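Structure file upload.cif with mmCIF, C-alpha atoms:
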data_my_file
#
loop_
_atom_site.label_atom_id
_atom_site.label_comp_id
_atom_site.auth_asym_id
_atom_site.auth_seq_id
_atom_site.Cartn_x
_atom_site.Cartn_y
_atom_site.Cartn_z
CA MET A 1 -49.93 -29.29 -1.27
CA SER A 2 -46.89 -27.54 0.17
CA ARG A 3 -45.44 -28.77 3.47
CA PHE A 4 -44.64 -26.73 6.54
CA VAL A 5 -42.47 -28.86 8.79
CA VAL A 6 -42.32 -28.02 12.49
CA LEU A 7 -39.51 -29.80 14.32
CA ALA A 8 -40.01 -29.86 18.09
CA ALA A 9 -36.90 -30.79 20.07
CA VAL A 10 -38.07 -32.58 23.21
CA ASP A 11 -36.11 -33.95 26.14
CA ALA A 12 -36.98 -35.64 29.43
CA SER A 13 -37.66 -32.41 31.35
CA GLU A 14 -40.92 -30.61 32.07
CA ALA A 15 -39.94 -28.06 29.40
CA ALA A 16 -40.71 -30.70 26.76
CA HIS A 17 -44.44 -30.24 27.30
CA GLU A 18 -44.23 -26.51 26.54
CA VAL A 19 -42.16 -27.24 23.42
CA LEU A 20 -44.73 -29.81 22.37
CA ARG A 21 -47.64 -27.42 22.93
CA ALA A 22 -45.98 -24.64 20.92
CA GLY A 23 -44.99 -26.95 18.07
CA ALA A 24 -48.44 -28.52 17.84
CA ASN A 25 -50.08 -25.09 17.88
CA PHE A 26 -47.98 -23.88 14.95
CA ALA A 27 -48.44 -27.05 12.91
CA ARG A 28 -52.20 -27.04 13.53
CA HIS A 29 -52.74 -23.50 12.28
CA ILE A 30 -50.51 -23.56 9.18
CA ARG A 31 -51.61 -25.03 5.86
CA GLY A 32 -49.67 -28.20 5.13
CA GLY A 33 -48.35 -28.32 8.69
CA GLU A 34 -46.70 -31.48 9.96
CA LEU A 35 -45.12 -32.04 13.34
CA HIS A 36 -41.87 -33.91 13.95
CA LEU A 37 -40.60 -34.71 17.44
CA VAL A 38 -36.88 -35.27 17.94
CA HIS A 39 -35.24 -36.55 21.11
CA VAL A 40 -31.47 -36.84 21.44
CA VAL A 41 -29.69 -39.10 23.90
CA GLU A 42 -26.29 -37.76 24.97
CA ASP A 43 -23.45 -39.48 26.83
CA LEU A 44 -24.29 -43.06 25.95
CA PRO A 45 -22.02 -45.65 27.60
CA PRO A 46 -19.49 -47.25 25.23
CA PRO A 47 -20.75 -50.37 23.47
CA VAL A 48 -19.81 -53.72 24.93
CA VAL A 49 -18.18 -56.02 22.41
CA LEU A 50 -18.81 -59.78 22.19
CA VAL A 51 -19.98 -60.35 25.75
CA PRO A 52 -22.89 -58.91 27.73
CA PRO A 53 -22.06 -56.43 30.51
CA PRO A 54 -21.53 -57.93 33.95
CA ALA A 55 -24.50 -57.69 36.27
CA GLY A 56 -24.69 -54.55 38.38
CA LEU A 57 -22.82 -52.27 35.97
CA GLY A 58 -25.94 -50.30 34.98
CA VAL A 59 -28.15 -50.14 31.93
CA THR A 60 -26.86 -50.72 28.44
CA SER A 61 -26.97 -48.37 25.45
CA THR A 62 -29.70 -50.51 23.95
CA GLU A 63 -31.85 -50.10 27.05
CA ILE A 64 -31.24 -46.35 27.14
CA MET A 65 -32.25 -45.95 23.50
CA ALA A 66 -35.33 -48.12 24.05
CA ALA A 67 -36.36 -45.93 26.98
CA ALA A 68 -35.83 -42.82 24.82
CA ARG A 69 -38.06 -44.22 22.08
CA GLU A 70 -40.73 -45.06 24.64
CA HIS A 71 -40.56 -41.51 26.01
CA VAL A 72 -40.92 -39.99 22.56
CA GLU A 73 -43.90 -42.20 21.80
CA GLU A 74 -45.56 -41.01 25.01
CA LEU A 75 -45.00 -37.41 23.92
CA ALA A 76 -46.34 -38.27 20.47
CA ALA A 77 -49.56 -39.52 22.07
CA GLU A 78 -49.79 -36.22 23.94
CA ALA A 79 -49.17 -34.32 20.70
CA ARG A 80 -51.85 -36.30 18.88
CA ALA A 81 -54.46 -34.85 21.22
CA GLN A 82 -53.39 -31.36 20.13
CA PHE A 83 -52.51 -31.92 16.46
CA PRO A 84 -54.46 -34.28 14.16
CA GLY A 85 -52.17 -33.99 11.14
CA ARG A 86 -49.02 -35.78 9.99
CA LEU A 87 -46.74 -36.59 12.92
CA ALA A 88 -43.34 -38.30 13.03
CA THR A 89 -40.83 -39.12 15.77
CA HIS A 90 -37.04 -39.24 15.65
CA VAL A 91 -34.55 -40.56 18.22
CA ALA A 92 -30.83 -39.92 17.84
CA ALA A 93 -27.66 -40.28 19.89
CA GLY A 94 -24.80 -37.81 20.11
CA SER A 95 -24.41 -34.06 20.55
CA ALA A 96 -27.92 -32.68 21.07
CA TRP A 97 -27.64 -29.50 18.99
CA LYS A 98 -25.83 -31.26 16.15
CA GLN A 99 -28.35 -34.08 15.96
CA ILE A 100 -31.30 -31.69 16.10
CA LEU A 101 -29.89 -29.63 13.25
CA GLN A 102 -29.13 -32.80 11.30
CA VAL A 103 -32.75 -33.93 11.58
CA ALA A 104 -33.86 -30.41 10.63
CA ILE A 105 -31.83 -30.66 7.43
CA ASP A 106 -32.97 -34.21 6.71
CA VAL A 107 -36.69 -33.33 6.94
CA GLN A 108 -36.24 -29.76 5.59
CA ALA A 109 -37.76 -28.17 8.69
CA ASP A 110 -39.40 -24.77 8.28
CA LEU A 111 -39.40 -24.07 12.01
CA ILE A 112 -37.47 -25.54 14.95
CA VAL A 113 -38.99 -25.30 18.42
CA VAL A 114 -36.62 -25.66 21.37
CA GLY A 115 -36.98 -25.21 25.10
CA THR A 116 -34.89 -23.68 27.85
CA HIS A 117 -34.49 -24.96 31.40
CA GLY A 118 -35.08 -21.80 33.40
CA ARG A 119 -32.85 -18.77 33.83
CA ALA A 120 -30.72 -19.41 36.90
CA GLY A 121 -27.05 -19.07 36.05
CA VAL A 122 -27.69 -18.64 32.34
CA LYS A 123 -25.80 -15.65 31.02
CA ARG A 124 -26.02 -15.68 27.24
CA LEU A 125 -29.34 -14.96 25.54
CA LEU A 126 -31.09 -16.44 28.60
CA LEU A 127 -30.73 -19.80 26.85
CA GLY A 128 -28.99 -23.04 27.55
CA SER A 129 -26.06 -24.10 25.38
CA VAL A 130 -28.15 -26.43 23.21
CA ALA A 131 -30.78 -23.79 22.44
CA GLU A 132 -28.13 -21.15 21.85
CA ASN A 133 -26.23 -23.29 19.35
CA ILE A 134 -29.43 -24.07 17.48
CA VAL A 135 -30.45 -20.40 17.35
CA ARG A 136 -27.02 -19.43 16.05
CA LYS A 137 -26.53 -22.21 13.50
CA ALA A 138 -29.97 -23.21 12.24
CA SER A 139 -30.88 -22.59 8.60
CA CYS A 140 -34.52 -21.84 9.42
CA PRO A 141 -36.42 -19.82 12.04
CA VAL A 142 -36.12 -21.02 15.64
CA LEU A 143 -38.75 -20.55 18.34
CA VAL A 144 -37.67 -20.78 21.98
CA ALA A 145 -40.70 -22.06 23.88
CA ARG A 146 -41.00 -20.93 27.45
CA GLU A 147 -43.96 -20.94 29.79
CA LYS A 148 -45.33 -17.42 30.27
CA ASP A 149 -44.76 -16.23 33.81
CA TYR A 150 -44.29 -12.50 34.31
CA HIS A 151 -44.60 -12.94 38.07
CA ALA A 152 -41.55 -15.17 38.41
CA PHE A 153 -39.10 -13.17 36.32
CA VAL A 154 -38.87 -9.67 34.87
CA PRO A 155 -35.42 -8.40 33.79
CA PRO A 156 -34.22 -5.62 36.09
CA GLU A 157 -33.98 -3.26 33.09
CA ILE A 158 -37.71 -3.65 32.40
CA GLU A 159 -40.49 -2.11 34.49
CA PRO A 160 -43.13 -4.47 35.85
CA ALA A 161 -46.57 -4.23 34.27
CA CYS A 162 -48.97 -1.70 35.74
CA PRO A 163 -51.57 -3.57 37.85
CA ASP A 164 -54.28 -1.11 36.79
CA CYS A 165 -53.49 -1.65 33.09
CA LEU A 166 -53.62 -5.42 33.60
CA ALA A 167 -57.01 -5.07 35.30
CA VAL A 168 -58.33 -3.01 32.34
CA GLN A 169 -57.05 -5.60 29.84
CA HIS A 170 -58.65 -8.42 31.81
CA GLN A 171 -61.99 -6.67 32.25
CA SER A 172 -62.20 -5.66 28.56
CA ASP A 173 -60.78 -8.96 27.22
CA GLY A 174 -57.96 -7.00 25.60
CA ALA A 175 -60.19 -4.42 23.88
CA ASN A 176 -58.62 -1.69 26.04
CA LEU A 177 -54.96 -1.80 26.99
CA TRP A 178 -54.23 1.10 29.31
CA CYS A 179 -55.56 2.38 32.60
CA GLU A 180 -56.77 5.98 32.77
CA ARG A 181 -53.41 7.26 33.99
CA HIS A 182 -51.36 5.63 31.21
CA ALA A 183 -53.93 6.21 28.45
CA GLN A 184 -53.29 9.94 28.80
CA ASN A 185 -49.66 9.41 27.76
CA ALA A 186 -50.28 6.87 24.99
CA PRO A 187 -48.62 7.87 21.67
CA HIS A 188 -50.90 8.48 18.69
CA ALA A 189 -49.43 5.73 16.50
CA HIS A 190 -50.84 4.84 13.08
CA LEU A 191 -51.96 1.22 12.96
CA HIS A 192 -51.43 -0.35 9.54
CA TYR A 193 -54.09 -3.02 9.90
CA GLU A 194 -57.80 -3.15 10.53
CA VAL A 195 -58.68 -2.61 14.18
CA PRO A 196 -61.86 -4.19 15.60
CA GLU A 197 -64.58 -1.72 16.53
CA SER A 198 -64.24 -2.81 20.14
CA PHE A 199 -60.95 -0.91 20.29
CA ARG A 200 -61.76 2.55 21.53
CA PRO A 201 -60.23 5.65 19.89
CA GLY A 202 -56.87 6.47 21.40
CA SER A 203 -56.15 2.86 22.38
CA HIS A 204 -52.90 1.71 20.75
CA LEU A 205 -50.65 -1.28 20.86
CA SER A 206 -47.59 0.87 21.50
CA ARG A 207 -46.57 1.04 25.16
CA PRO A 208 -47.30 4.45 26.65
CA SER A 209 -44.75 6.54 28.45
CA ARG A 210 -44.36 5.90 32.18
CA ALA A 211 -43.68 9.57 32.81
#
As structure tokens:
Amino acid sequence: MSRFVVLAAVDASEAAHEVLRAGANFARHIRGGELHLVHVVEDLPPPVVLVPPPAGLGVTSTEIMAAAREHVEELAAEARAQFPGRLATHVAAGSAWKQILQVAIDVQADLIVVGTHGRAGVKRLLLGSVAENIVRKASCPVLVAREKDYHAFVPPEIEPACPDCLAVQHQSDGANLWCERHAQNAPHAHLHYEVPESFRPGSHLSRPSRA
């Protein structure tokens, strides 16, 4: 049976849970899917040679790595509730994007799932530097997992959703997409796949004109 390896890059932030959910969802619905979790520890303190560190100087590299492994195992337990298939964990130290891509090569990942820590102050691609480097340099598709929240952020170049259209979609469970005002301007696009009978004539996936 062919493999489809999903590599979910998780950290210690709340974004890790969204990355985990997206990775587990992909692996669960793809034949041969397996889920790998990778966590990278950056900025480890230099190793202490010969003698233990004096008391009060903070945790050691060994303790930091042990805590990282414990964190990944906790996330793996969370993933197990969402994905019953083959699951593996990886912990590495160094540059996050380099280590993630190294693991991706080592396990021959078919998809990398990364997260992003919000949008404030982020200029390029709305991603953090780790996610951006992975998107640019990965040798397989990359999915940026982000919690859906159209209320918190809509780019200024994009119009907010029409409340009446949203009400129609909610009431019809997605069978109808546009309110009466916007349905009149919907383009007559040809759909190249079978449309359920619940879709009414004239209801299209293309966004209608706001004019």
Result set of the PyMOL selection byres ((chain A and resi 5) around 10) on the coordinates above, as a JSON list (two decimals) with C-alpha atoms, in the coordinates of the input:
[["chain", "number", "residue", "atom", "x", "y", "z"],
["A", 2, "SER", "CA", -46.89, -27.54, 0.17],
["A", 3, "ARG", "CA", -45.44, -28.77, 3.47],
["A", 4, "PHE", "CA", -44.64, -26.73, 6.54],
["A", 6, "VAL", "CA", -42.32, -28.02, 12.49],
["A", 7, "LEU", "CA", -39.51, -29.80, 14.32],
["A", 8, "ALA", "CA", -40.01, -29.86, 18.09],
["A", 23, "GLY", "CA", -44.99, -26.95, 18.07],
["A", 26, "PHE", "CA", -47.98, -23.88, 14.95],
["A", 27, "ALA", "CA", -48.44, -27.05, 12.91],
["A", 30, "ILE", "CA", -50.51, -23.56, 9.18],
["A", 32, "GLY", "CA", -49.67, -28.20, 5.13],
["A", 33, "GLY", "CA", -48.35, -28.32, 8.69],
["A", 34, "GLU", "CA", -46.70, -31.48, 9.96],
["A", 35, "LEU", "CA", -45.12, -32.04, 13.34],
["A", 36, "HIS", "CA", -41.87, -33.91, 13.95],
["A", 86, "ARG", "CA", -49.02, -35.78, 9.99],
["A", 87, "LEU", "CA", -46.74, -36.59, 12.92],
["A", 104, "ALA", "CA", -33.86, -30.41, 10.63],
["A", 107, "VAL", "CA", -36.69, -33.33, 6.94],
["A", 108, "GLN", "CA", -36.24, -29.76, 5.59],
["A", 109, "ALA", "CA", -37.76, -28.17, 8.69],
["A", 110, "ASP", "CA", -39.40, -24.77, 8.28],
["A", 111, "LEU", "CA", -39.40, -24.07, 12.01],
["A", 112, "ILE", "CA", -37.47, -25.54, 14.95]]
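Among the candidate residues A:Leu44, A:Ala175, A:Ala81, A:Ala9, the one lying nearest to A:Glu63 is A:Leu44, with distances computed using all atoms listed in the file.
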Apply the PyMOL selection byres ((chain A and resi 72-74) around 12) to the structure shown and report the selected residues as a PyMOL selection string. chain A and resi 8-12+16-17+20+36-41+65-71+75-81+87-92
Tell me which residues the PyMOL selection byres ((chain A and resi 177-180) around 8) grabs here, as a PyMOL selection string. chain A and resi 164-166+168-169+174-176+181-184+203-205
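The two atoms in question, atom CA of A:Ala138 and atom CA of A:Gly85, are spaced 24.7 Å apart.
Shortest separation to A:Arg146 among A:Trp97, A:Val114, A:Pro84, A:Ser61 occurs at residue A:Val114, atoms counted being only C-alpha atoms.
We find atom CA of A:Ala93 and atom CA of A:Gly115 to be spaced 18.5 Å apart.
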Work out how far apart atom CA of A:Ala15 and atom CA of A:Thr116 are and give it in Å to one decimal.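 Separating atom CA of A:Ala15 from atom CA of A:Thr116 is a distance of 6.9 Å.
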Excluding stretch 133-137 of chain A and its own-chain neighbours fewer than 3 positions away, which residues fall within 10 Å of it when counting all atoms listed in the file? Please give them as a list in words.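 The residues satisfying every condition are Ala96, Trp97, Lys98, Ile100, Leu101, Ile112, Val113, Val114, Leu125, Leu127, Gly128, Ser129, Val130, Cys140, Pro141, Val142, Leu143 and Val144 of chain A.
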Using the partial input, fill out stretch 17-42 of chain A with N, CA, C and O atoms; write the result as a PDB file, in the coordinates of the input.
ATOM      1  N   HIS A  17     -43.010 -30.399  27.506  1.00  0.00           N
ATOM      2  CA  HIS A  17     -44.440 -30.240  27.300  1.00  0.00           C
ATOM      3  C   HIS A  17     -44.772 -28.865  26.710  1.00  0.00           C
ATOM      4  O   HIS A  17     -45.680 -28.735  25.897  1.00  0.00           O
ATOM      5  N   GLU A  18     -44.021 -27.841  27.105  1.00  0.00           N
ATOM      6  CA  GLU A  18     -44.230 -26.510  26.540  1.00  0.00           C
ATOM      7  C   GLU A  18     -43.761 -26.475  25.087  1.00  0.00           C
ATOM      8  O   GLU A  18     -44.389 -25.854  24.227  1.00  0.00           O
ATOM      9  N   VAL A  19     -42.645 -27.135  24.797  1.00  0.00           N
ATOM     10  CA  VAL A  19     -42.160 -27.240  23.420  1.00  0.00           C
ATOM     11  C   VAL A  19     -43.190 -27.960  22.558  1.00  0.00           C
ATOM     12  O   VAL A  19     -43.501 -27.535  21.434  1.00  0.00           O
ATOM     13  N   LEU A  20     -43.727 -29.034  23.090  1.00  0.00           N
ATOM     14  CA  LEU A  20     -44.730 -29.810  22.370  1.00  0.00           C
ATOM     15  C   LEU A  20     -45.975 -28.968  22.085  1.00  0.00           C
ATOM     16  O   LEU A  20     -46.503 -28.979  20.968  1.00  0.00           O
ATOM     17  N   ARG A  21     -46.450 -28.243  23.093  1.00  0.00           N
ATOM     18  CA  ARG A  21     -47.640 -27.420  22.930  1.00  0.00           C
ATOM     19  C   ARG A  21     -47.422 -26.362  21.857  1.00  0.00           C
ATOM     20  O   ARG A  21     -48.278 -26.156  20.983  1.00  0.00           O
ATOM     21  N   ALA A  22     -46.260 -25.680  21.904  1.00  0.00           N
ATOM     22  CA  ALA A  22     -45.980 -24.640  20.920  1.00  0.00           C
ATOM     23  C   ALA A  22     -45.853 -25.212  19.518  1.00  0.00           C
ATOM     24  O   ALA A  22     -46.374 -24.648  18.548  1.00  0.00           O
ATOM     25  N   GLY A  23     -45.151 -26.345  19.388  1.00  0.00           N
ATOM     26  CA  GLY A  23     -44.990 -26.950  18.070  1.00  0.00           C
ATOM     27  C   GLY A  23     -46.305 -27.411  17.488  1.00  0.00           C
ATOM     28  O   GLY A  23     -46.591 -27.193  16.303  1.00  0.00           O
ATOM     29  N   ALA A  24     -47.145 -28.056  18.313  1.00  0.00           N
ATOM     30  CA  ALA A  24     -48.440 -28.520  17.840  1.00  0.00           C
ATOM     31  C   ALA A  24     -49.327 -27.349  17.438  1.00  0.00           C
ATOM     32  O   ALA A  24     -50.077 -27.432  16.453  1.00  0.00           O
ATOM     33  N   ASN A  25     -49.255 -26.264  18.185  1.00  0.00           N
ATOM     34  CA  ASN A  25     -50.080 -25.090  17.880  1.00  0.00           C
ATOM     35  C   ASN A  25     -49.701 -24.499  16.525  1.00  0.00           C
ATOM     36  O   ASN A  25     -50.576 -24.148  15.719  1.00  0.00           O
ATOM     37  N   PHE A  26     -48.411 -24.401  16.247  1.00  0.00           N
ATOM     38  CA  PHE A  26     -47.980 -23.880  14.950  1.00  0.00           C
ATOM     39  C   PHE A  26     -48.404 -24.808  13.821  1.00  0.00           C
ATOM     40  O   PHE A  26     -48.954 -24.372  12.807  1.00  0.00           O
ATOM     41  N   ALA A  27     -48.127 -26.090  13.980  1.00  0.00           N
ATOM     42  CA  ALA A  27     -48.440 -27.050  12.910  1.00  0.00           C
ATOM     43  C   ALA A  27     -49.938 -27.094  12.631  1.00  0.00           C
ATOM     44  O   ALA A  27     -50.368 -27.266  11.488  1.00  0.00           O
ATOM     45  N   ARG A  28     -50.741 -26.941  13.677  1.00  0.00           N
ATOM     46  CA  ARG A  28     -52.200 -27.040  13.530  1.00  0.00           C
ATOM     47  C   ARG A  28     -52.780 -25.869  12.759  1.00  0.00           C
ATOM     48  O   ARG A  28     -53.785 -26.010  12.055  1.00  0.00           O
ATOM     49  N   HIS A  29     -52.163 -24.709  12.861  1.00  0.00           N
ATOM     50  CA  HIS A  29     -52.740 -23.500  12.280  1.00  0.00           C
ATOM     51  C   HIS A  29     -52.083 -23.074  10.968  1.00  0.00           C
ATOM     52  O   HIS A  29     -52.389 -21.997  10.449  1.00  0.00           O
ATOM     53  N   ILE A  30     -51.190 -23.891  10.436  1.00  0.00           N
ATOM     54  CA  ILE A  30     -50.510 -23.560   9.180  1.00  0.00           C
ATOM     55  C   ILE A  30     -50.877 -24.595   8.128  1.00  0.00           C
ATOM     56  O   ILE A  30     -50.829 -25.808   8.385  1.00  0.00           O
ATOM     57  N   ARG A  31     -51.237 -24.128   6.951  1.00  0.00           N
ATOM     58  CA  ARG A  31     -51.610 -25.030   5.860  1.00  0.00           C
ATOM     59  C   ARG A  31     -50.438 -25.958   5.533  1.00  0.00           C
ATOM     60  O   ARG A  31     -49.303 -25.518   5.348  1.00  0.00           O
ATOM     61  N   GLY A  32     -50.722 -27.230   5.439  1.00  0.00           N
ATOM     62  CA  GLY A  32     -49.670 -28.200   5.130  1.00  0.00           C
ATOM     63  C   GLY A  32     -48.780 -28.525   6.304  1.00  0.00           C
ATOM     64  O   GLY A  32     -47.728 -29.146   6.131  1.00  0.00           O
ATOM     65  N   GLY A  33     -49.192 -28.123   7.513  1.00  0.00           N
ATOM     66  CA  GLY A  33     -48.350 -28.320   8.690  1.00  0.00           C
ATOM     67  C   GLY A  33     -48.183 -29.794   9.048  1.00  0.00           C
ATOM     68  O   GLY A  33     -49.122 -30.577   8.986  1.00  0.00           O
ATOM     69  N   GLU A  34     -46.970 -30.152   9.409  1.00  0.00           N
ATOM     70  CA  GLU A  34     -46.700 -31.480   9.960  1.00  0.00           C
ATOM     71  C   GLU A  34     -45.744 -31.310  11.122  1.00  0.00           C
ATOM     72  O   GLU A  34     -44.912 -30.404  11.139  1.00  0.00           O
ATOM     73  N   LEU A  35     -45.881 -32.169  12.101  1.00  0.00           N
ATOM     74  CA  LEU A  35     -45.120 -32.040  13.340  1.00  0.00           C
ATOM     75  C   LEU A  35     -44.169 -33.211  13.496  1.00  0.00           C
ATOM     76  O   LEU A  35     -44.573 -34.376  13.406  1.00  0.00           O
ATOM     77  N   HIS A  36     -42.894 -32.892  13.715  1.00  0.00           N
ATOM     78  CA  HIS A  36     -41.870 -33.910  13.950  1.00  0.00           C
ATOM     79  C   HIS A  36     -41.297 -33.694  15.349  1.00  0.00           C
ATOM     80  O   HIS A  36     -40.937 -32.564  15.709  1.00  0.00           O
ATOM     81  N   LEU A  37     -41.212 -34.754  16.118  1.00  0.00           N
ATOM     82  CA  LEU A  37     -40.600 -34.710  17.440  1.00  0.00           C
ATOM     83  C   LEU A  37     -39.229 -35.371  17.371  1.00  0.00           C
ATOM     84  O   LEU A  37     -39.097 -36.473  16.834  1.00  0.00           O
ATOM     85  N   VAL A  38     -38.216 -34.689  17.915  1.00  0.00           N
ATOM     86  CA  VAL A  38     -36.880 -35.270  17.940  1.00  0.00           C
ATOM     87  C   VAL A  38     -36.364 -35.264  19.374  1.00  0.00           C
ATOM     88  O   VAL A  38     -36.481 -34.273  20.084  1.00  0.00           O
ATOM     89  N   HIS A  39     -35.828 -36.398  19.782  1.00  0.00           N
ATOM     90  CA  HIS A  39     -35.240 -36.550  21.110  1.00  0.00           C
ATOM     91  C   HIS A  39     -33.835 -37.086  20.939  1.00  0.00           C
ATOM     92  O   HIS A  39     -33.620 -38.077  20.221  1.00  0.00           O
ATOM     93  N   VAL A  40     -32.864 -36.449  21.576  1.00  0.00           N
ATOM     94  CA  VAL A  40     -31.470 -36.840  21.440  1.00  0.00           C
ATOM     95  C   VAL A  40     -30.945 -37.359  22.774  1.00  0.00           C
ATOM     96  O   VAL A  40     -31.124 -36.726  23.813  1.00  0.00           O
ATOM     97  N   VAL A  41     -30.319 -38.515  22.721  1.00  0.00           N
ATOM     98  CA  VAL A  41     -29.690 -39.100  23.900  1.00  0.00           C
ATOM     99  C   VAL A  41     -28.199 -38.773  23.856  1.00  0.00           C
ATOM    100  O   VAL A  41     -27.508 -39.122  22.893  1.00  0.00           O
ATOM    101  N   GLU A  42     -27.715 -38.095  24.881  1.00  0.00           N
ATOM    102  CA  GLU A  42     -26.290 -37.760  24.970  1.00  0.00           C
ATOM    103  C   GLU A  42     -25.601 -38.682  25.978  1.00  0.00           C
ATOM    104  O   GLU A  42     -26.229 -39.273  26.844  1.00  0.00           O
TER     105      GLU A  42
END
